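Here's start.cif, which has mmCIF, C-alpha atoms:
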```cif
data_final
#
loop_
_atom_site.label_atom_id
_atom_site.label_comp_id
_atom_site.auth_asym_id
_atom_site.auth_seq_id
_atom_site.Cartn_x
_atom_site.Cartn_y
_atom_site.Cartn_z
CA MET A 1 -61.31 32.18 -21.73
CA ILE A 2 -58.63 29.53 -22.21
CA LEU A 3 -56.83 31.79 -24.68
CA LEU A 4 -56.85 34.66 -22.18
CA GLY A 5 -55.43 32.33 -19.55
CA LYS A 6 -52.63 31.33 -21.90
CA VAL A 7 -51.81 34.97 -22.64
CA VAL A 8 -51.73 35.86 -18.93
CA LEU A 9 -49.59 32.82 -18.20
CA GLY A 10 -47.22 33.72 -21.04
CA MET A 11 -46.90 37.32 -19.84
CA ALA A 12 -46.32 36.17 -16.27
CA GLY A 13 -43.63 33.77 -17.49
CA LEU A 14 -42.04 36.51 -19.55
CA GLY A 15 -42.07 38.86 -16.56
CA LEU A 16 -40.59 36.19 -14.31
CA ALA A 17 -37.86 35.41 -16.86
CA GLY A 18 -37.09 39.13 -17.23
CA ALA A 19 -36.92 39.60 -13.47
CA SER A 20 -34.69 36.52 -13.14
CA LEU A 21 -32.38 37.86 -15.83
CA LEU A 22 -32.28 41.29 -14.21
CA CYS A 23 -31.39 39.77 -10.84
CA SER A 24 -28.95 37.20 -12.21
CA GLU A 25 -25.88 39.29 -11.32
CA GLY A 26 -27.11 40.00 -7.80
CA PHE A 27 -27.84 43.34 -6.22
CA VAL A 28 -25.97 46.49 -5.40
CA GLN A 29 -26.88 47.86 -2.01
CA VAL A 30 -26.03 51.29 -0.69
CA LYS A 31 -27.25 52.14 2.79
CA VAL A 32 -26.46 55.40 4.53
CA ILE A 33 -27.77 56.28 7.96
CA GLU A 34 -26.91 59.70 9.33
CA LYS A 35 -26.84 59.64 13.10
CA GLU A 36 -28.03 63.18 13.74
CA PRO A 37 -31.66 63.55 14.86
CA GLN A 38 -33.00 64.74 11.50
CA GLY A 39 -30.47 62.68 9.55
CA HIS A 40 -31.24 60.94 6.33
CA HIS A 41 -31.79 57.24 6.04
CA ILE A 42 -31.02 56.10 2.53
CA ASN A 43 -31.27 52.51 1.42
CA VAL A 44 -30.94 51.68 -2.26
CA ILE A 45 -31.07 48.13 -3.52
CA ALA A 46 -30.77 47.78 -7.28
CA PRO A 47 -30.10 44.89 -9.64
CA ALA A 48 -26.37 44.88 -10.37
CA MET A 49 -27.07 44.30 -14.04
CA LEU A 50 -28.37 47.88 -14.26
CA ALA A 51 -24.93 49.35 -13.47
CA PRO A 52 -23.23 48.62 -16.83
CA ILE A 53 -26.47 49.53 -18.61
CA ALA A 54 -26.53 52.86 -16.79
CA VAL A 55 -22.92 53.49 -17.84
CA ARG A 56 -23.87 52.73 -21.43
CA LEU A 57 -26.75 55.21 -21.31
CA ALA A 58 -24.91 57.96 -19.43
CA PRO A 59 -23.60 60.98 -21.40
CA ARG A 60 -20.19 60.09 -22.81
CA ASP A 61 -18.65 63.42 -21.97
CA ASP A 62 -19.43 62.89 -18.31
CA LEU A 63 -17.79 59.48 -18.33
CA ALA A 64 -14.72 60.47 -20.32
CA GLN A 65 -12.79 61.82 -17.37
CA ALA A 66 -13.56 58.76 -15.25
CA ALA A 67 -12.42 56.53 -18.11
CA TRP A 68 -9.27 58.63 -18.54
CA GLN A 69 -8.47 58.31 -14.83
CA ILE A 70 -9.12 54.59 -14.76
CA GLN A 71 -7.08 53.81 -17.87
CA PRO A 72 -3.55 53.67 -16.31
CA ASN A 73 -4.78 51.32 -13.60
CA LEU A 74 -6.89 49.14 -15.85
CA PRO A 75 -4.53 46.10 -15.93
CA VAL A 76 -4.34 46.12 -12.12
CA ILE A 77 -8.11 46.50 -11.75
CA ARG A 78 -8.74 43.67 -14.20
CA ALA A 79 -6.21 41.40 -12.47
CA ALA A 80 -7.62 42.23 -9.04
CA LEU A 81 -11.22 41.61 -10.06
CA ALA A 82 -10.30 38.32 -11.73
CA GLY A 83 -8.33 37.30 -8.65
CA LEU A 84 -11.15 38.32 -6.32
CA CYS A 85 -13.54 36.01 -8.15
CA ASP A 86 -11.26 33.08 -7.32
CA THR A 87 -10.54 33.83 -3.68
CA ASP A 88 -12.49 32.60 -0.69
CA ASP A 89 -14.41 34.95 1.55
CA VAL A 90 -12.00 37.14 3.47
CA VAL A 91 -11.90 40.35 5.49
CA PHE A 92 -9.32 42.43 3.62
CA VAL A 93 -9.13 45.43 5.89
CA GLU A 94 -10.45 46.14 9.33
CA VAL A 95 -9.72 49.45 11.03
CA ASN A 96 -10.88 50.14 14.56
CA GLU A 97 -10.44 53.48 16.21
CA ARG A 98 -12.35 55.26 18.91
CA GLY A 99 -15.73 55.93 17.35
CA GLU A 100 -14.71 54.65 13.93
CA HIS A 101 -14.88 51.28 12.31
CA VAL A 102 -14.04 50.36 8.71
CA HIS A 103 -14.50 46.92 7.30
CA VAL A 104 -13.75 45.81 3.72
CA ALA A 105 -14.43 42.21 2.84
CA LYS A 106 -15.31 39.74 0.16
CA SER A 107 -18.53 38.01 1.08
CA GLY A 108 -19.96 35.50 -1.34
CA ASP A 109 -19.60 37.04 -4.79
CA SER A 110 -19.65 40.60 -3.50
CA ILE A 111 -17.33 43.22 -2.14
CA VAL A 112 -18.74 44.67 1.05
CA VAL A 113 -17.63 47.94 2.61
CA ASP A 114 -18.90 49.03 6.02
CA VAL A 115 -18.00 52.32 7.64
CA ASP A 116 -19.33 53.30 11.02
CA ASP A 117 -18.30 56.58 12.62
CA SER A 118 -19.81 59.18 14.88
CA GLY A 119 -21.62 60.89 12.00
CA GLU A 120 -23.03 58.09 9.91
CA THR A 121 -23.14 54.44 9.07
CA VAL A 122 -22.46 53.42 5.48
CA HIS A 123 -22.88 49.99 3.98
CA VAL A 124 -22.03 49.29 0.34
CA SER A 125 -22.25 45.89 -1.26
CA ALA A 126 -21.59 45.22 -4.94
CA PRO A 127 -21.17 41.96 -6.86
CA ILE A 128 -17.67 41.58 -8.29
CA ARG A 129 -19.00 40.57 -11.71
CA ALA A 130 -21.06 43.74 -11.84
CA ILE A 131 -18.04 45.87 -10.92
CA SER A 132 -16.07 44.15 -13.66
CA SER A 133 -18.84 44.64 -16.25
CA THR A 134 -19.21 48.30 -15.27
CA VAL A 135 -15.48 48.98 -15.58
CA GLU A 136 -15.35 47.29 -18.99
CA GLN A 137 -18.42 49.21 -20.12
CA LEU A 138 -16.88 52.45 -18.88
CA VAL A 139 -13.71 51.79 -20.85
CA ALA A 140 -15.59 50.67 -23.95
CA THR A 141 -17.93 53.65 -23.89
CA SER A 142 -15.20 56.25 -23.89
CA SER A 143 -12.67 56.16 -26.70
CA PRO A 144 -8.99 57.06 -26.17
CA HIS A 145 -9.66 60.22 -28.19
CA LYS A 146 -12.20 61.24 -25.58
CA TRP A 147 -9.78 60.66 -22.68
CA GLN A 148 -7.19 62.85 -24.32
CA SER A 149 -9.62 65.60 -25.15
CA THR A 150 -10.97 65.75 -21.60
CA ALA A 151 -7.77 65.20 -19.66
CA PRO A 152 -7.65 67.79 -16.86
CA ASP A 153 -4.21 69.03 -17.83
CA GLN A 154 -5.19 69.41 -21.46
CA ARG A 155 -8.38 71.34 -20.98
CA MET B 1 -38.84 -16.00 -10.72
CA ARG B 2 -36.15 -13.85 -9.09
CA LYS B 3 -32.81 -13.46 -10.86
CA THR B 4 -29.76 -12.96 -8.69
CA VAL B 5 -26.69 -10.99 -9.75
CA PRO B 6 -23.57 -13.18 -9.74
CA ARG B 7 -21.37 -12.69 -6.66
CA PRO B 8 -18.26 -11.49 -8.60
CA THR B 9 -20.40 -8.78 -10.20
CA GLN B 10 -21.73 -7.75 -6.79
CA ILE B 11 -18.18 -7.47 -5.42
CA ALA B 12 -17.07 -5.50 -8.47
CA VAL B 13 -19.98 -3.06 -8.06
CA VAL B 14 -19.24 -2.57 -4.34
CA LEU B 15 -15.55 -1.97 -5.07
CA CYS B 16 -16.42 0.56 -7.80
CA LEU B 17 -18.77 2.41 -5.43
CA LEU B 18 -16.09 2.46 -2.71
CA ALA B 19 -13.49 3.75 -5.16
CA ALA B 20 -15.85 6.44 -6.42
CA GLY B 21 -16.67 7.49 -2.85
CA THR B 22 -13.01 7.66 -1.89
CA MET B 23 -12.19 9.75 -4.97
CA SER B 24 -15.06 12.15 -4.35
CA LEU B 25 -13.96 12.63 -0.74
CA GLY B 26 -10.28 12.97 -1.47
CA GLY B 27 -10.58 14.78 -4.80
CA PRO B 28 -11.21 18.36 -3.64
CA ALA B 29 -8.52 18.15 -0.98
CA MET B 30 -5.98 16.96 -3.53
CA ALA B 31 -7.09 19.33 -6.28
CA ALA B 32 -7.12 22.62 -4.40
CA PRO B 33 -4.25 23.49 -2.09
CA ALA B 34 -5.32 25.60 0.87
CA GLU B 35 -5.29 29.33 0.28
CA ARG B 36 -2.49 31.18 2.07
CA TYR B 37 -2.95 34.61 3.58
CA LEU B 38 -0.52 37.39 4.35
CA HIS B 39 -1.66 39.11 7.53
CA VAL B 40 -0.64 42.49 8.88
CA ARG B 41 -1.75 43.68 12.29
CA VAL B 42 -0.95 47.08 13.75
CA GLN B 43 -2.16 47.74 17.27
CA ASP B 44 -1.90 50.80 19.43
CA PRO B 45 -3.53 49.89 22.73
CA ALA B 46 -2.93 53.33 24.24
CA GLN B 47 -4.89 55.00 21.44
CA ASP B 48 -7.37 52.11 21.22
CA GLN B 49 -6.54 51.71 17.52
CA SER B 50 -5.99 48.65 15.42
CA VAL B 51 -5.56 47.95 11.73
CA ASN B 52 -5.86 44.43 10.37
CA VAL B 53 -5.08 43.54 6.78
CA ASN B 54 -5.49 40.08 5.27
CA VAL B 55 -4.40 39.45 1.70
CA PRO B 56 -4.81 36.11 -0.08
CA ILE B 57 -1.35 35.40 -1.51
CA SER B 58 -2.89 34.00 -4.69
CA LEU B 59 -4.59 37.36 -5.22
CA ALA B 60 -1.33 39.22 -4.66
CA GLU B 61 0.39 36.86 -7.11
CA LYS B 62 -2.18 37.73 -9.78
CA VAL B 63 -2.19 41.47 -9.18
CA LEU B 64 1.55 42.04 -8.76
CA PRO B 65 2.59 41.29 -12.38
CA ALA B 66 -0.07 43.76 -13.58
CA ILE B 67 1.52 46.66 -11.70
CA ASN B 68 3.93 48.72 -13.77
CA ASN B 69 4.85 51.68 -11.69
CA HIS B 70 7.73 53.23 -9.75
CA GLY B 71 10.37 50.65 -10.54
CA LEU B 72 7.99 47.71 -10.16
CA HIS B 73 7.51 45.94 -13.47
CA ASP B 74 6.24 42.43 -14.16
CA GLY B 75 6.51 41.51 -10.49
CA LYS B 76 10.12 42.66 -10.24
CA VAL B 77 11.59 45.70 -8.53
CA SER B 78 14.52 47.38 -10.24
CA ILE B 79 17.51 48.05 -8.02
CA HIS B 80 20.62 49.97 -8.87
CA SER B 81 23.93 48.20 -8.50
CA ALA B 82 24.91 51.01 -6.13
CA ASP B 83 22.18 49.84 -3.76
CA MET B 84 23.98 46.54 -3.32
CA ASN B 85 27.34 48.24 -2.60
CA GLY B 86 29.09 45.64 -4.73
CA VAL B 87 27.85 42.76 -2.57
CA ASP B 88 27.10 39.54 -4.47
CA ILE B 89 23.95 38.70 -2.55
CA SER B 90 23.55 35.31 -4.28
CA ALA B 91 27.01 34.27 -3.07
CA VAL B 92 26.20 35.47 0.44
CA LEU B 93 22.94 33.50 0.45
CA GLU B 94 24.69 30.41 -0.85
CA ALA B 95 27.32 30.69 1.90
CA LEU B 96 24.61 31.12 4.53
CA ARG B 97 22.60 28.20 3.19
CA THR B 98 25.50 25.79 3.42
CA ALA B 99 26.54 27.01 6.87
CA PRO B 100 25.12 25.30 9.96
CA ASP B 101 22.60 27.07 12.18
CA ASN B 102 24.56 29.76 13.91
CA GLU B 103 24.65 33.35 15.04
CA PHE B 104 26.57 35.28 12.42
CA VAL B 105 26.46 38.85 13.60
CA THR B 106 26.12 40.18 17.09
CA VAL B 107 26.49 43.87 17.74
CA LYS B 108 25.88 45.45 21.10
CA ASP B 109 26.43 49.11 21.77
CA LYS B 110 24.75 51.87 23.68
CA ASP B 111 22.31 52.63 20.85
CA ALA B 112 21.25 49.21 19.64
CA ASP B 113 21.64 45.47 19.86
CA VAL B 114 21.69 43.63 16.54
CA ARG B 115 21.73 39.90 16.00
CA VAL B 116 21.69 38.06 12.67
CA ALA B 117 21.40 34.30 12.73
CA LYS B 118 20.43 31.26 10.74
CA ALA B 119 17.89 28.98 12.37
CA ASN B 120 15.72 26.18 10.95
CA GLY B 121 16.04 27.27 7.33
CA ASN B 122 15.34 30.90 8.14
CA ILE B 123 17.39 34.07 8.30
CA VAL B 124 16.59 35.73 11.59
CA VAL B 125 17.34 39.36 12.35
CA HIS B 126 16.76 40.76 15.82
CA VAL B 127 17.21 44.45 16.59
CA VAL B 128 16.69 46.32 19.84
CA ASP B 129 16.78 50.07 19.32
CA LYS B 130 17.71 51.48 22.70
CA LYS B 131 17.44 55.08 21.55
CA ASN B 132 13.89 54.59 20.34
CA ARG B 133 12.22 53.55 23.60
CA ASN B 134 13.62 50.03 23.42
CA GLN B 135 11.86 49.27 20.15
CA LYS B 136 12.28 45.60 19.28
CA VAL B 137 12.23 44.38 15.69
CA ASP B 138 12.32 40.71 14.75
CA VAL B 139 12.44 39.66 11.11
CA THR B 140 12.33 36.06 9.94
CA VAL B 141 12.82 35.28 6.27
CA PRO B 142 12.72 31.69 5.01
CA PHE B 143 15.76 30.92 2.84
CA LYS B 144 13.53 29.85 -0.04
CA VAL B 145 11.91 33.27 -0.02
CA ALA B 146 15.24 35.08 0.06
CA ASP B 147 16.54 32.83 -2.75
CA ALA B 148 13.51 33.62 -4.89
CA LEU B 149 13.70 37.33 -4.12
CA PHE B 150 17.38 37.66 -5.01
CA ALA B 151 17.45 35.16 -7.88
CA THR B 152 17.47 38.03 -10.39
CA ALA B 153 19.63 40.40 -8.32
CA LYS B 154 22.50 40.05 -10.79
CA ASN B 155 20.24 41.60 -13.41
CA GLY B 156 19.48 44.49 -11.10
CA GLN B 157 16.06 43.20 -10.11
CA LEU B 158 14.35 41.78 -7.03
CA ASP B 159 11.78 39.18 -8.00
CA VAL B 160 8.93 40.00 -5.63
CA ALA B 161 6.45 37.77 -7.48
CA ALA B 162 8.72 34.74 -7.10
CA ALA B 163 9.25 35.61 -3.43
CA LEU B 164 5.49 35.69 -2.91
CA GLN B 165 5.15 32.29 -4.52
CA ALA B 166 7.92 30.92 -2.31
CA LEU B 167 6.24 32.49 0.70
CA SER B 168 3.00 30.77 -0.13
CA ASN B 169 4.83 27.42 -0.12
CA ALA B 170 6.84 28.14 3.01
CA GLY B 171 4.24 27.11 5.58
CA ASP B 172 3.08 29.19 8.52
CA VAL B 173 5.69 31.77 9.35
CA LEU B 174 5.90 34.87 11.50
CA LEU B 175 7.78 37.32 9.30
CA VAL B 176 7.99 40.56 11.23
CA THR B 177 7.24 41.75 14.72
CA VAL B 178 7.84 45.29 15.89
CA GLN B 179 7.23 46.19 19.48
CA ASN B 180 7.69 49.49 21.20
CA SER B 181 6.04 51.15 24.11
CA GLY B 182 3.13 52.36 21.98
CA GLN B 183 2.55 50.15 18.98
CA ASN B 184 2.80 46.53 18.03
CA VAL B 185 3.19 45.41 14.43
CA ARG B 186 2.97 41.84 13.32
CA VAL B 187 3.26 40.37 9.80
CA TRP B 188 2.73 36.67 9.22
CA VAL B 189 1.51 34.03 6.79
CA ASP B 190 -0.89 31.22 7.49
CA SER B 191 -3.90 29.50 5.96
CA ARG B 192 -6.60 31.25 8.01
CA ASN B 193 -8.67 33.93 6.35
CA ARG B 194 -9.03 36.06 9.46
CA GLN B 195 -7.11 37.22 12.48
CA ASP B 196 -8.21 36.04 15.92
#
```

Could you show the structure in this file as structure tokens?
Amino acid sequence: MILLGKVVLGMAGLGLAGASLLCSEGFVQVKVIEKEPQGHHINVIAPAMLAPIAVRLAPRDDLAQAAWQIQPNLPVIRAALAGLCDTDDVVFVEVNERGEHVHVAKSGDSIVVDVDDSGETVHVSAPIRAISSTVEQLVATSSPHKWQSTAPDQR
Amino acid sequence: MRKTVPRPTQIAVVLCLLAAGTMSLGGPAMAAPAERYLHVRVQDPAQDQSVNVNVPISLAEKVLPAINNHGLHDGKVSIHSADMNGVDISAVLEALRTAPDNEFVTVKDKDADVRVAKANGNIVVHVVDKKNRNQKVDVTVPFKVADALFATAKNGQLDVAAALQALSNAGDVLLVTVQNSGQNVRVWVDSRNRQD
């Protein structure tokens, strides 16, 4: 009985440690609410750590074009993400029009984008570290040979 | 039997605690200078539209050198000598810097009023475009920013990164205002992370 208790306790500890590790980079949230009567309500909250893992597991051919497109801007993206980690919370962009509102901000360790217009409300929140890891994974997954072979103008 | 700590030791301990407290209170303020923000606000009250942009200058300073595109390389913009029309901008800036506060250029005609002046360490340009619904443009550039921007002009480059750094040290400053009958544009620098 005591042995069983120890096993259960060990498994619970392992599960807790795994869950803690999975959540250590925060969560990505995507929430879309369509305002029409039969509109969809989508709310996805996923551990941010899954994003680079998903990129690693995705078919390389599908990622090659994204990697090819991102490559010229990679130094700027890296510099921006590194800089974002060091800045305080700030609203970067706020656009208000009749019936439309766009809000891009850094909040805590995340980038938050809110769009509200007549058709739908969209909320996206992603931890900066997760964005950085995903970009690096995307670049690492696809070799330069792949980018060249799948470049739109070369296909 | 109760042992007492000698009085000099007590005083020394109290002084150490006070010093540690003072350092912990003053440390962060001394270590981290306040973040500076470049703000842009465009408002069109008639259309009920507004666009607000806030950029931490430290972020811009980090990103700018990474951009290599369209004449912008390593934080510097390439300019052709023809763009300067043979004007030695460094000499002009030096002459302006040493001159007392004054109005240097005043032009008034039926199309526009233009005024260029030096005031409180800034170059101030004021334009009223009479043809364009009395559009008013005011530009204020701190001398330190202009110096930094044109420091590499002789090499055919404008040092935007250095200008940003100078801007971040220049204190709160209203850089640009544009007003016409429809829209208002305002560009300024301060240490607040939002626009009120």

Closest contacts (chain B/chain A, max 10 Å, all atoms listed in the file) as CSV:
```
residue,atom,partner,partner_atom,distance
B:Glu35,CA,A:Asp88,CA,8.0
B:Tyr37,CA,A:Val90,CA,9.4
B:His39,CA,A:Phe92,CA,9.2
B:Val40,CA,A:Val93,CA,9.5
B:Arg41,CA,A:Glu94,CA,9.5
B:Val42,CA,A:Val95,CA,9.5
B:Gln43,CA,A:Asn96,CA,9.4
B:Asp44,CA,A:Glu97,CA,9.5
B:Gln47,CA,A:Glu97,CA,7.8
B:Asp48,CA,A:Glu97,CA,6.0
B:Gln49,CA,A:Glu97,CA,4.5
B:Ser50,CA,A:Asn96,CA,5.2
B:Val51,CA,A:Val95,CA,4.5
B:Asn52,CA,A:Glu94,CA,5.0
B:Val53,CA,A:Val93,CA,4.6
B:Asn54,CA,A:Phe92,CA,4.8
B:Val55,CA,A:Phe92,CA,6.1
B:Pro56,CA,A:Thr87,CA,7.1
B:Ile57,CA,A:Thr87,CA,9.6
B:Ser58,CA,A:Gly83,CA,7.5
B:Leu59,CA,A:Gly83,CA,5.1
B:Ala60,CA,A:Ala80,CA,8.2
B:Glu61,CA,A:Gly83,CA,8.9
B:Lys62,CA,A:Ala79,CA,6.1
B:Val63,CA,A:Ala79,CA,5.2
B:Leu64,CA,A:Val76,CA,7.9
B:Pro65,CA,A:Val76,CA,8.5
B:Ala66,CA,A:Val76,CA,5.1
B:Ile67,CA,A:Val76,CA,5.9
B:Asn68,CA,A:Val76,CA,8.8
B:Asn69,CA,A:Pro72,CA,9.8
B:Arg192,CA,A:Val90,CA,9.2
B:Asn193,CA,A:Val90,CA,5.4
B:Arg194,CA,A:Val91,CA,6.5
B:Gln195,CA,A:Val91,CA,9.0
```

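Here atom CA of A:Asp62 is placed at a distance of 13.8 Å from atom CA of A:Gln137.
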
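In this model, the gap between atom CA of B:Ala112 and atom CA of B:Val92 comes to 24.1 Å.
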
- Item | Distance query B:Asn169 at most 12 Å, all atoms listed in the file, self and fewer than 6 positions along chain excluded, as a VMD selection string | chain B and resid 33 to 37 57 to 58 142 to 145 148 162 to 163 189 to 191

For the residues in that selection, give me C-alpha atoms as a compact mmCIF listing (two decimals), keeping the file's coordinate frame.
```txt
# COMPACT_ATOMS: atom_id res chain seq x y z
CA PRO B 33 -4.25 23.49 -2.09
CA ALA B 34 -5.32 25.60 0.87
CA GLU B 35 -5.29 29.33 0.28
CA ARG B 36 -2.49 31.18 2.07
CA TYR B 37 -2.95 34.61 3.58
CA ILE B 57 -1.35 35.40 -1.51
CA SER B 58 -2.89 34.00 -4.69
CA PRO B 142 12.72 31.69 5.01
CA PHE B 143 15.76 30.92 2.84
CA LYS B 144 13.53 29.85 -0.04
CA VAL B 145 11.91 33.27 -0.02
CA ALA B 148 13.51 33.62 -4.89
CA ALA B 162 8.72 34.74 -7.10
CA ALA B 163 9.25 35.61 -3.43
CA VAL B 189 1.51 34.03 6.79
CA ASP B 190 -0.89 31.22 7.49
CA SER B 191 -3.90 29.50 5.96
```

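Picture a line from atom CA of A:Gly5 to atom CA of A:Ala19; it runs 20.8 Å.
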
- Message: Residues within 8 Å of A:His123, please, as a list in words. Count all atoms listed in the file; anything in the same chain fewer than 5 positions from it doesn't count.
- Response: Gln29, Val30, Lys31, Val32, Val112, Val113, Asp114 and Val115 of chain A

- Among A:Ser118, A:Leu4, A:Ala66, A:Ile111, A:Glu36 is approached most closely, using all atoms listed in the file, by A:Ser118
